[in-house]
$ cat coords.txt   # compact mmCIF, C-alpha atoms
# COMPACT_ATOMS: atom_id res chain seq x y z
CA GLN A 9 61.87 122.24 187.32
CA VAL A 10 65.42 121.27 188.20
CA GLN A 11 65.93 118.75 190.96
CA LEU A 12 69.09 117.21 192.36
CA VAL A 13 68.25 114.55 194.93
CA GLU A 14 71.02 113.07 197.04
CA SER A 15 70.81 109.75 198.84
CA GLY A 16 73.07 107.21 200.49
CA GLY A 17 74.24 109.12 203.53
CA GLY A 18 74.23 107.63 206.99
CA LEU A 19 76.25 106.62 210.01
CA VAL A 20 79.35 104.50 209.50
CA GLN A 21 82.36 103.55 211.59
CA ALA A 22 85.81 104.86 210.75
CA GLY A 23 87.36 102.76 208.00
CA GLY A 24 83.99 101.97 206.48
CA SER A 25 82.47 102.88 203.14
CA LEU A 26 79.43 104.67 201.78
CA ARG A 27 78.20 105.41 198.28
CA LEU A 28 76.32 108.62 197.69
CA SER A 29 74.03 109.09 194.73
CA CYS A 30 72.61 112.23 193.17
CA ALA A 31 69.74 111.84 190.74
CA ALA A 32 69.19 114.82 188.45
CA SER A 33 66.11 115.91 186.57
CA GLY A 34 65.19 119.02 184.63
CA ILE A 35 68.69 119.52 183.22
CA ILE A 36 70.53 118.16 180.19
CA PHE A 37 72.60 115.96 182.43
CA ARG A 38 75.20 114.84 179.89
CA ILE A 39 76.47 118.39 179.27
CA ASN A 40 76.71 119.34 182.93
CA ALA A 41 79.81 119.21 185.03
CA MET A 42 78.86 117.60 188.33
CA ALA A 43 80.44 117.99 191.72
CA TRP A 44 80.19 116.97 195.34
CA TYR A 45 80.72 119.49 198.09
CA ARG A 46 80.56 119.06 201.84
CA GLN A 47 80.00 121.28 204.83
CA ALA A 48 80.93 120.34 208.36
CA PRO A 49 79.41 122.13 211.37
CA GLY A 50 80.99 125.54 211.84
CA LYS A 51 83.00 125.28 208.61
CA GLN A 52 82.66 126.62 205.11
CA ARG A 53 81.37 124.46 202.31
CA GLU A 54 84.27 122.83 200.49
CA LEU A 55 84.69 121.12 197.16
CA VAL A 56 85.22 117.38 197.42
CA ALA A 57 85.25 116.10 193.83
CA THR A 58 84.28 117.11 190.33
CA ILE A 59 83.57 115.28 187.09
CA THR A 60 83.28 117.03 183.75
CA SER A 61 80.82 116.22 181.01
CA GLY A 62 83.65 114.29 179.37
CA GLY A 63 84.38 112.26 182.47
CA SER A 64 87.54 113.97 183.73
CA THR A 65 87.77 113.97 187.50
CA ASN A 66 89.42 116.05 190.17
CA TYR A 67 89.60 115.63 193.95
CA ALA A 68 90.39 117.58 197.05
CA ASN A 69 93.73 116.52 198.51
CA SER A 70 92.00 115.36 201.68
CA VAL A 71 90.03 112.66 199.81
CA LYS A 72 92.42 111.61 197.03
CA GLY A 73 92.88 107.88 196.93
CA ARG A 74 89.81 107.28 199.13
CA PHE A 75 86.88 108.79 197.21
CA THR A 76 85.82 108.17 193.62
CA ILE A 77 83.35 110.28 191.66
CA SER A 78 81.56 108.77 188.68
CA ARG A 79 78.55 109.44 186.50
CA ASP A 80 75.95 107.48 184.57
CA ASN A 81 74.53 109.63 181.79
CA PHE A 82 71.80 107.07 181.05
CA LYS A 83 70.52 107.27 184.62
CA ASN A 84 71.20 111.02 185.02
CA THR A 85 73.03 110.17 188.22
CA VAL A 86 76.37 111.06 189.75
CA TYR A 87 77.96 108.95 192.47
CA LEU A 88 80.54 109.40 195.17
CA GLN A 89 82.13 106.21 196.43
CA MET A 90 83.73 106.92 199.79
CA ASN A 91 86.15 104.38 201.24
CA SER A 92 88.39 104.41 204.31
CA LEU A 93 86.15 107.00 205.89
CA LYS A 94 87.52 109.12 208.72
CA PRO A 95 85.71 111.08 211.44
CA GLU A 96 86.82 114.28 209.72
CA ASP A 97 84.75 113.28 206.69
CA THR A 98 81.63 113.92 208.77
CA ALA A 99 79.58 116.58 207.01
CA VAL A 100 76.51 117.28 204.96
CA TYR A 101 77.33 116.33 201.38
CA TYR A 102 75.80 118.33 198.54
CA CYS A 103 75.49 117.59 194.86
CA ASN A 104 76.09 120.42 192.37
CA SER A 105 75.54 120.79 188.64
CA ALA A 106 76.81 123.46 186.29
CA ALA A 107 76.90 124.05 182.56
CA PRO A 108 77.11 127.13 180.32
CA GLY A 109 73.61 128.42 179.72
CA GLN A 110 72.15 125.83 182.12
CA GLY A 111 72.72 127.55 185.44
CA VAL A 112 74.10 126.22 188.70
CA TYR A 113 72.00 124.00 190.93
CA TRP A 114 72.32 122.35 194.33
CA GLY A 115 70.73 119.39 196.01
CA GLN A 116 69.31 119.46 199.51
CA GLY A 117 72.23 117.56 201.02
CA THR A 118 72.70 114.22 202.72
CA GLN A 119 74.29 113.72 206.13
CA VAL A 120 77.38 111.55 206.48
CA THR A 121 78.53 110.78 210.00
CA VAL A 122 81.71 108.80 210.66
CA SER A 123 82.19 107.54 214.19
CA SER A 124 85.62 106.87 215.67

$ encode --input "coords.txt" --output "structure tokens"
Amino acid sequence: QVQLVESGGGLVQAGGSLRLSCAASGIIFRINAMAWYRQAPGKQRELVATITSGGSTNYANSVKGRFTISRDNFKNTVYLQMNSLKPEDTAVYYCNSAAPGQGVYWGQGTQVTVSS
């Protein structure tokens, strides 16, 4: 059974930081590309950051220079370090995994709220 379990969300003031974690089980983590998406109320889900199995990263323009995605293949965990948070970063953040022949999976989401 595949599980992606996010944690680390919460309420933070603008300018603050949070680190999200996503612990994976039931997949061969090291071969999966991992990603973070977010969905704000009334908006479509959007891609925030991706990291390939080889460690290459990519970011949405809106978070470049503020967010950092990383992975620990020994802990089967992907992280999203979020600095200089803005109210517009408020959303539910979702973890995603994908690999050829492995399928695509989603976590249940974790709420991030940034107050002004």

$ residues_around --input "coords.txt" --residues "Gly109 (chain A)" --least-positions-apart "4" --cutoff "12 Å" --atoms "all atoms listed in the file" --output "list in words"
Ile35, Ile36, Ile39, Asn40 and Ser105 of chain A

$ atom_distance --input "coords.txt" --atom1 "CA of Ala43 (chain A)" --atom2 "CA of Val86 (chain A)"
8.3 Å

$ closest_residue --input "coords.txt" --among "A:Trp114, A:Tyr101, A:Phe82, A:Phe37" --to "Leu55 (chain A)" --atoms "only C-alpha atoms"
A:Tyr101

$ closest_residue --input "coords.txt" --among "A:Asn104, A:Thr118, A:Thr85, A:Asn66" --to "Met42 (chain A)" --atoms "all atoms listed in the file"
A:Asn104

$ closest_residue --input "coords.txt" --among "A:Leu93, A:Ala99, A:Ala106, A:Leu19" --to "Ala32 (chain A)" --atoms "all atoms listed in the file"
A:Ala106

$ closest_residue --input "coords.txt" --among "A:Ala68, A:Ser92, A:Val56, A:Arg74" --to "Gly24 (chain A)" --atoms "all atoms listed in the file"
A:Ser92

$ residues_around --input "coords.txt" --residues "Leu26 (chain A)" --least-positions-apart "4" --cutoff "8 Å" --atoms "only C-alpha atoms" --output "ChimeraX atom specification"
/A:16-18,20,89-91

$ residues_around --input "coords.txt" --residues "Ser78 (chain A)" --least-positions-apart "6" --cutoff "8 Å" --atoms "only C-alpha atoms" --output "PyMOL selection string"
chain A and resi 59+63+86-88

$ atom_distance --input "coords.txt" --atom1 "CA of Asn84 (chain A)" --atom2 "CA of Ser29 (chain A)"
10.3 Å

$ atom_distance --input "coords.txt" --atom1 "CA of Arg38 (chain A)" --atom2 "CA of Ser70 (chain A)"
27.5 Å

$ axis_aligned_box --input "coords.txt" --around "region 110-119 of chain A" --padding-each-side "5 Å" --output "lines of an AutoDock Vina configuration file"
center_x = 71.8
center_y = 120.6
center_z = 194.1
size_x = 15.0
size_y = 23.8
size_z = 34.0

$ closest_residue --input "coords.txt" --among "A:Tyr45, A:Val10, A:Glu96, A:Arg79" --to "Gly111 (chain A)" --atoms "all atoms listed in the file"
A:Val10

$ closest_residue --input "coords.txt" --among "A:Arg53, A:Gly23, A:Trp44, A:Gly34" --to "Cys103 (chain A)" --atoms "all atoms listed in the file"
A:Trp44

$ residues_around --input "coords.txt" --residues "Gln21 (chain A)" --least-positions-apart "5" --cutoff "7 Å" --atoms "only C-alpha atoms" --output "MDAnalysis selection string"
chainID A and resid 122:124
